[in-house]
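Participant: Contents are compact mmCIF, C-alpha atoms; file name query10.txt:
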# COMPACT_ATOMS: atom_id res chain seq x y z
CA MET A 80 3.09 -2.07 -53.22
CA ASN A 81 2.89 -4.59 -56.05
CA VAL A 82 -0.23 -6.14 -57.56
CA LEU A 83 -0.20 -9.23 -55.33
CA GLU A 84 0.18 -7.13 -52.20
CA ALA A 85 -2.64 -4.84 -53.32
CA ALA A 86 -4.85 -7.88 -53.93
CA ALA A 87 -4.03 -9.19 -50.45
CA VAL A 88 -4.96 -5.89 -48.82
CA PHE A 89 -8.19 -5.66 -50.83
CA GLY A 90 -9.11 -9.25 -49.99
CA ALA A 91 -8.44 -8.65 -46.31
CA GLY A 92 -10.67 -5.58 -46.43
CA LEU A 93 -13.42 -7.58 -48.13
CA ALA A 94 -13.31 -10.29 -45.47
CA ALA A 95 -13.11 -7.75 -42.64
CA GLY A 96 -16.13 -5.85 -43.92
CA GLY A 97 -18.19 -9.03 -44.08
CA ILE A 98 -17.24 -10.19 -40.58
CA ASN A 99 -17.70 -6.73 -39.08
CA ALA A 100 -21.24 -6.52 -40.45
CA VAL A 101 -22.30 -9.55 -38.42
CA VAL A 102 -19.98 -9.66 -35.42
CA GLY A 103 -16.83 -7.53 -35.46
CA SER A 104 -13.18 -8.61 -35.37
CA GLY A 105 -12.40 -7.71 -38.97
CA SER A 106 -9.26 -5.89 -37.88
CA LEU A 107 -7.81 -9.26 -36.88
CA ILE A 108 -7.66 -9.97 -40.61
CA THR A 109 -6.57 -6.64 -42.03
CA PHE A 110 -4.09 -5.57 -39.36
CA PRO A 111 -1.90 -8.72 -39.45
CA VAL A 112 -1.87 -8.61 -43.27
CA LEU A 113 -0.57 -5.03 -43.22
CA VAL A 114 2.07 -5.81 -40.61
CA ALA A 115 3.16 -8.89 -42.59
CA LEU A 116 3.60 -6.66 -45.65
CA GLY A 117 6.02 -4.49 -43.70
CA TYR A 118 3.90 -1.55 -42.59
CA PRO A 119 4.75 -0.09 -39.14
CA PRO A 120 2.10 -1.15 -36.58
CA VAL A 121 0.75 2.34 -35.86
CA VAL A 122 0.59 3.23 -39.58
CA ALA A 123 -1.13 -0.10 -40.25
CA ASN A 124 -3.59 0.48 -37.41
CA VAL A 125 -4.62 4.01 -38.38
CA SER A 126 -4.78 3.27 -42.12
CA ASN A 127 -6.89 0.20 -41.39
CA ASN A 128 -9.20 2.15 -39.08
CA ILE A 129 -9.90 4.82 -41.69
CA GLY A 130 -10.39 2.23 -44.40
CA LEU A 131 -13.01 0.36 -42.39
CA VAL A 132 -15.25 3.42 -41.98
CA PRO A 133 -17.04 2.95 -45.36
CA GLY A 134 -17.49 -0.73 -44.54
CA SER A 135 -19.24 0.19 -41.30
CA ALA A 136 -21.48 2.58 -43.21
CA ALA A 137 -22.36 -0.19 -45.68
CA ALA A 138 -23.17 -2.61 -42.86
CA THR A 139 -25.32 -0.01 -41.13
CA PHE A 140 -27.16 0.58 -44.41
CA GLY A 141 -27.78 -3.16 -44.70
CA TYR A 142 -29.41 -3.16 -41.25
CA ARG A 143 -31.20 0.17 -41.70
CA ASP A 144 -34.74 -1.18 -41.21
CA VAL A 145 -33.98 -2.63 -37.75
CA LEU A 146 -32.67 0.76 -36.63
CA ALA A 147 -36.21 2.14 -36.78
CA GLY A 148 -37.36 3.25 -33.36
CA GLN A 149 -33.83 3.37 -31.92
CA ARG A 150 -33.03 6.99 -32.74
CA SER A 151 -33.09 8.36 -29.19
CA ARG A 152 -31.15 5.38 -27.84
CA LEU A 153 -28.50 5.61 -30.52
CA LEU A 154 -28.04 9.34 -30.09
CA ARG A 155 -27.20 8.78 -26.42
CA LEU A 156 -24.97 5.78 -26.98
CA GLY A 157 -23.41 7.26 -30.11
CA LEU A 158 -22.07 10.14 -28.04
CA ALA A 159 -20.48 7.64 -25.64
CA SER A 160 -18.92 5.77 -28.57
CA MET A 161 -17.41 8.88 -30.14
CA LEU A 162 -16.04 10.31 -26.89
CA GLY A 163 -14.52 6.97 -25.97
CA SER A 164 -13.06 6.56 -29.46
CA LEU A 165 -11.29 9.91 -29.34
CA LEU A 166 -9.77 9.03 -25.97
CA GLY A 167 -8.66 5.65 -27.31
CA GLY A 168 -7.08 7.28 -30.35
CA VAL A 169 -5.13 9.66 -28.13
CA LEU A 170 -3.89 6.71 -26.05
CA LEU A 171 -2.74 4.95 -29.22
CA LEU A 172 -0.90 7.94 -30.67
CA PHE A 173 0.57 9.53 -27.58
CA LEU A 174 0.53 7.25 -24.56
CA LEU A 175 -0.14 3.52 -24.27
CA LYS A 176 1.39 1.41 -27.02
CA ASP A 177 1.19 -2.09 -25.54
CA ALA A 178 -0.89 -2.08 -22.36
CA PHE A 179 -4.22 -3.12 -23.87
CA LYS A 180 -2.87 -6.35 -25.39
CA PHE A 181 -2.80 -7.85 -21.90
CA ILE A 182 -6.44 -7.13 -21.07
CA VAL A 183 -8.09 -7.53 -24.49
CA PRO A 184 -8.25 -11.37 -24.44
CA ALA A 185 -9.90 -11.29 -21.01
CA LEU A 186 -12.31 -8.63 -22.23
CA ILE A 187 -13.35 -10.78 -25.19
CA VAL A 188 -13.75 -13.88 -23.01
CA GLY A 189 -16.07 -11.95 -20.72
CA ALA A 190 -18.05 -10.66 -23.69
CA LEU A 191 -18.44 -14.17 -25.14
CA VAL A 192 -19.71 -15.51 -21.83
CA LEU A 193 -22.28 -12.71 -21.73
CA VAL A 194 -23.36 -13.41 -25.33
CA VAL A 195 -23.91 -17.11 -24.54
CA LEU A 196 -25.76 -16.40 -21.30
CA GLN A 197 -27.72 -13.45 -22.69
CA PRO A 198 -31.12 -15.21 -23.06
CA ARG A 199 -31.01 -16.51 -19.48
CA LEU A 200 -29.67 -13.23 -18.12
CA ASN A 201 -32.38 -11.29 -19.92
CA GLY A 202 -35.01 -13.41 -18.22
CA TRP A 203 -33.40 -12.82 -14.84
CA LEU A 204 -33.00 -9.10 -15.48
CA ALA A 205 -36.49 -8.59 -16.89
CA ALA A 206 -38.04 -8.58 -13.43
CA ARG A 207 -35.29 -6.35 -12.09
CA ARG A 208 -34.73 -3.99 -15.01
CA ASP A 209 -35.35 -0.33 -14.20
CA ASN A 210 -37.99 0.68 -16.76
CA SER A 211 -37.15 4.33 -16.15
CA HIS A 212 -34.03 3.68 -18.28
CA PRO A 213 -35.39 2.32 -21.59
CA HIS A 214 -32.04 3.06 -23.24
CA GLY A 215 -30.00 0.95 -20.85
CA GLY A 216 -29.25 3.53 -18.17
CA PRO A 217 -25.91 4.96 -17.06
CA TRP A 218 -24.15 1.59 -16.80
CA LEU A 219 -24.73 0.82 -20.47
CA TRP A 220 -23.58 4.34 -21.41
CA LEU A 221 -20.36 3.84 -19.45
CA GLY A 222 -19.87 0.39 -20.95
CA VAL A 223 -20.28 1.73 -24.48
CA PHE A 224 -17.88 4.56 -23.62
CA ALA A 225 -15.28 2.00 -22.46
CA ALA A 226 -15.84 -0.06 -25.61
CA GLY A 227 -15.28 3.13 -27.59
CA ILE A 228 -11.92 3.65 -25.88
CA TYR A 229 -10.86 0.17 -26.91
CA GLY A 230 -12.25 0.70 -30.42
CA GLY A 231 -10.34 3.93 -30.89
CA TYR A 232 -7.18 2.26 -29.64
CA PHE A 233 -7.35 -0.88 -31.79
CA GLY A 234 -10.92 -2.06 -32.33
CA ALA A 235 -10.61 -5.76 -33.13
CA ALA A 236 -13.57 -7.62 -31.59
CA GLN A 237 -15.19 -4.43 -30.30
CA GLY A 238 -18.34 -5.72 -31.99
CA VAL A 239 -18.37 -8.77 -29.73
CA VAL A 240 -18.10 -6.53 -26.68
CA LEU A 241 -20.85 -4.20 -27.93
CA ILE A 242 -23.23 -7.07 -28.71
CA ALA A 243 -22.72 -8.41 -25.19
CA LEU A 244 -23.31 -5.01 -23.58
CA LEU A 245 -26.38 -4.14 -25.64
CA GLY A 246 -27.82 -7.62 -25.27
CA ILE A 247 -27.56 -7.57 -21.50
CA PHE A 248 -28.82 -4.05 -20.82
CA LEU A 249 -31.49 -3.81 -23.53
CA ASP A 250 -34.61 -5.91 -23.84
CA ASP A 251 -34.52 -6.18 -27.63
CA ASP A 252 -34.19 -8.53 -30.59
CA LEU A 253 -30.67 -9.71 -31.50
CA GLN A 254 -30.95 -8.44 -35.08
CA ARG A 255 -31.83 -4.97 -33.81
CA ILE A 256 -28.90 -5.16 -31.41
CA ILE A 257 -26.54 -6.08 -34.26
CA GLY A 258 -27.88 -3.15 -36.29
CA ALA A 259 -27.19 -0.83 -33.36
CA LYS A 260 -23.75 -2.38 -32.94
CA ASN A 261 -22.92 -1.63 -36.57
CA LEU A 262 -23.85 2.01 -36.17
CA LEU A 263 -21.94 2.42 -32.90
CA SER A 264 -18.85 0.66 -34.28
CA GLY A 265 -19.01 2.92 -37.31
CA LEU A 266 -19.12 6.00 -35.11
CA VAL A 267 -16.11 4.73 -33.17
CA ASN A 268 -14.13 4.23 -36.38
CA ALA A 269 -15.25 7.55 -37.83
CA ALA A 270 -14.36 9.56 -34.72
CA ALA A 271 -10.94 7.94 -34.50
CA ALA A 272 -10.45 8.47 -38.24
CA VAL A 273 -10.92 12.23 -37.86
CA LEU A 274 -8.21 12.28 -35.22
CA PHE A 275 -5.88 10.06 -37.23
CA ILE A 276 -6.29 12.07 -40.43
CA ALA A 277 -5.43 15.22 -38.51
CA VAL A 278 -2.30 14.07 -36.70
CA ALA A 279 -1.19 10.56 -37.76
CA ASP A 280 0.81 9.09 -40.63
CA VAL A 281 -1.69 7.46 -43.01
CA ASP A 282 -0.95 5.25 -46.02
CA TRP A 283 -3.73 6.34 -48.34
CA LEU A 284 -3.35 3.54 -50.89
CA VAL A 285 -3.83 0.98 -48.13
CA THR A 286 -6.78 2.97 -46.83
CA LEU A 287 -8.40 3.08 -50.29
CA LEU A 288 -8.01 -0.65 -50.89
CA ILE A 289 -9.47 -1.53 -47.50
CA ALA A 290 -12.27 1.00 -47.95
CA VAL A 291 -13.41 -0.50 -51.26
CA GLY A 292 -13.07 -4.06 -49.99
CA SER A 293 -14.80 -3.43 -46.66
CA THR A 294 -17.69 -1.62 -48.35
CA LEU A 295 -18.41 -4.61 -50.58
CA GLY A 296 -17.90 -6.96 -47.65
CA GLY A 297 -20.22 -4.90 -45.45
CA LEU A 298 -23.05 -5.10 -47.97
CA VAL A 299 -22.64 -8.86 -48.46
CA GLY A 300 -22.14 -9.55 -44.76
CA SER A 301 -25.22 -7.61 -43.68
CA SER A 302 -27.35 -9.51 -46.19
CA PHE A 303 -25.99 -12.81 -44.88
CA GLY A 304 -26.31 -11.90 -41.22
CA ARG A 305 -29.96 -10.85 -41.55
CA ARG A 306 -30.88 -14.40 -42.57
CA LEU A 307 -29.38 -16.18 -39.58
CA PRO A 308 -31.56 -17.17 -36.59
CA ALA A 309 -30.50 -15.91 -33.17
CA VAL A 310 -29.07 -19.23 -31.97
CA VAL A 311 -26.88 -19.54 -35.08
CA LEU A 312 -25.77 -15.92 -34.74
CA ARG A 313 -24.70 -16.51 -31.16
CA GLY A 314 -22.74 -19.56 -32.23
CA PHE A 315 -21.05 -17.58 -35.00
CA ILE A 316 -20.20 -14.80 -32.56
CA VAL A 317 -18.59 -17.28 -30.18
CA VAL A 318 -16.55 -18.93 -32.94
CA VAL A 319 -15.26 -15.58 -34.22
CA GLY A 320 -14.55 -14.41 -30.68
CA ILE A 321 -12.54 -17.54 -29.85
CA ALA A 322 -10.58 -17.12 -33.08
CA ALA A 323 -9.91 -13.50 -32.12
CA ILE A 324 -8.57 -14.56 -28.71
CA GLY A 325 -6.31 -17.15 -30.31
CA LYS A 326 -4.96 -14.60 -32.77
CA LEU A 327 -4.28 -12.02 -30.07
CA LEU A 328 -2.56 -14.50 -27.77
CA SER A 329 -0.40 -15.89 -30.58
CA GLY A 330 0.76 -12.35 -31.44
Could you render the structure from this file as C-alpha cells?
Facilitator:
Amino acid sequence: MNVLEAAAVFGAGLAAGGINAVVGSGSLITFPVLVALGYPPVVANVSNNIGLVPGSAAATFGYRDVLAGQRSRLLRLGLASMLGSLLGGVLLLFLLKDAFKFIVPALIVGALVLVVLQPRLNGWLAARRDNSHPHGGPWLWLGVFAAGIYGGYFGAAQGVVLIALLGIFLDDDLQRIIGAKNLLSGLVNAAAAVLFIAVADVDWLVTLLIAVGSTLGGLVGSSFGRRLPAVVLRGFIVVVGIAAIGKLLSG
C-alpha cells in the first residue's frame, strides 16, 4: 500500500464513521474503496468490519446522554444484535457468498418507507401498542436479531433498518433511537469482529487506517447529528438510503 492508497482508505474510514454516527451505510464507502484497491471481497469486508468498531464506539460516546434510561432495553436488544451478528458472520465465511445482494435493496426500501411513515404509524400504533412490552416486545427482538444477521454478513445500511425498526416499535424520541442504533450497530460489528479475528484473513494495516478514520468521523458525525431536527434527520436518512440502494444495484 502506497501513501495515496493509505490516504484513500483513511479518508473512506473518516467519511464512513461520520455517516454511521447519524444513519449507517458507511460500509458503502469503505468497502468499494478497498475492492477498487485490489483487496479480495471477503478480506475487504472483514477488515472493514473490524476497523469500524472504534468508530461505532465513538458515535455511541457522542450520543451517551440520550442512552440514559435505556439500559434494560439495550441489554435485551443487544443480545439479539450479537447473536444475529455471529450467525451473519458464519454465513459470510462459510456459506452464503452472494444471496443477500438480491434482498438487501428491497430491505432498505422497506426500511426507508417505515422511516418516512414513522410519525403517522406511531400515532396509529399508540392506541394499539401493548404496554406490557415497553422494550418493543418479541417482534422487535426478532427484527433486531435479523438486522444483526445482515450486519454480521455485510452491514451497509443496517443503521437505516435499525432506525426503522426501533422507530416503529418504540414510542421514543428520534435522537434517543439513533443513540440506541449506534450502540446496537457497534455490538453487531464487535461480535462479528471477534469471529473474524479468530478465523478470517484480516489486513491489519487497512483495519488500523479505517479504525483511526472512523473514530474521528464518529465523533464529528455524532456532534453534527445531535443538532439536526427530526424532520431533517429523516430526510437525511432517506437520501443516504437511496444512495445506498443505487450503489448496491450498480454493483
Participant: Could you give me, as a list in words, the residues within 12 Å of Val145 (chain A), counting only C-alpha atoms and dropping anything in the same chain fewer than 6 positions from it?
Facilitator: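 Counting only C-alpha atoms, the residues come to Ala138, Thr139, Asp251, Asp252, Leu253, Gln254, Arg255, Ile256, Ile257, Gly258, Ala259, Lys260, Asn261, Leu262, Ser301 and Arg305 of chain A.
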Participant: Could the residues in this selection be written to a file with C-alpha atoms, as an mmCIF file, in the frame of the given file?
Facilitator:
data_model
loop_
_atom_site.group_PDB
_atom_site.id
_atom_site.type_symbol
_atom_site.label_atom_id
_atom_site.label_comp_id
_atom_site.auth_asym_id
_atom_site.auth_seq_id
_atom_site.Cartn_x
_atom_site.Cartn_y
_atom_site.Cartn_z
ATOM 1 C CA ALA A 138 -23.170 -2.610 -42.860
ATOM 2 C CA THR A 139 -25.320 -0.010 -41.130
ATOM 3 C CA ASP A 251 -34.520 -6.180 -27.630
ATOM 4 C CA ASP A 252 -34.190 -8.530 -30.590
ATOM 5 C CA LEU A 253 -30.670 -9.710 -31.500
ATOM 6 C CA GLN A 254 -30.950 -8.440 -35.080
ATOM 7 C CA ARG A 255 -31.830 -4.970 -33.810
ATOM 8 C CA ILE A 256 -28.900 -5.160 -31.410
ATOM 9 C CA ILE A 257 -26.540 -6.080 -34.260
ATOM 10 C CA GLY A 258 -27.880 -3.150 -36.290
ATOM 11 C CA ALA A 259 -27.190 -0.830 -33.360
ATOM 12 C CA LYS A 260 -23.750 -2.380 -32.940
ATOM 13 C CA ASN A 261 -22.920 -1.630 -36.570
ATOM 14 C CA LEU A 262 -23.850 2.010 -36.170
ATOM 15 C CA SER A 301 -25.220 -7.610 -43.680
ATOM 16 C CA ARG A 305 -29.960 -10.850 -41.550
#
Participant: Which of these, A:Leu162, A:Ala115, A:Ala100, A:Ala147, has the shortest distance to Gly230 (chain A) once you count all atoms listed in the file?
Facilitator: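 Of A:Leu162, A:Ala115, A:Ala100, A:Ala147, the one nearest Gly230 (chain A), counting all atoms listed in the file, is A:Leu162.
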Participant: Let me make sure I understand: among A:Val112, A:Ala225, A:Met161, A:Val239, which one has the smallest atom-to-atom distance to Ala270 (chain A) if we use only C-alpha atoms?
Facilitator: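 Of all the options, A:Met161 lies closest to Ala270 (chain A).
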Participant: Between A:Ala123, A:Val192, A:Leu171, A:Leu298, which is the closest to Ile321 (chain A) once you count all atoms listed in the file?
Facilitator: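 Closest to Ile321 (chain A) of all the choices is A:Val192.
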Participant: Could you please determine the separation between CA of Phe303 (chain A) and CA of Ala87 (chain A) in Å, to one decimal place?
Facilitator: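 Between these atoms lies a distance of 22.9 Å.
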Participant: Enclose region 255-270 of chain A, meaning all of its atoms listed in the file, in a box aligned along x, y and z, pad it by 4 Å on each side, and list the centre and edge lengths in Å to one decimal, as JSON.
Facilitator:
{"center_x": -23.0, "center_y": 1.7, "center_z": -34.6, "size_x": 25.7, "size_y": 23.6, "size_z": 14.4}
Participant: So how many Å separate CA of Pro111 (chain A) and CA of Ala91 (chain A), to one decimal?
Facilitator: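 So the two atoms, CA of Pro111 (chain A) and CA of Ala91 (chain A), lie 9.5 Å apart.
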Participant: Restricting the calculation to all atoms listed in the file: of A:Val318, A:Ala94, A:Ala272, A:Val132, which residue gets closest to Thr109 (chain A)?
Facilitator: A:Ala94
Participant: When you draw a straight line from CA of Leu158 (chain A) to CA of Val240 (chain A), how long is it in Å?
Facilitator: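 Straight-line distance from CA of Leu158 (chain A) to CA of Val240 (chain A) works out to 17.2 Å.
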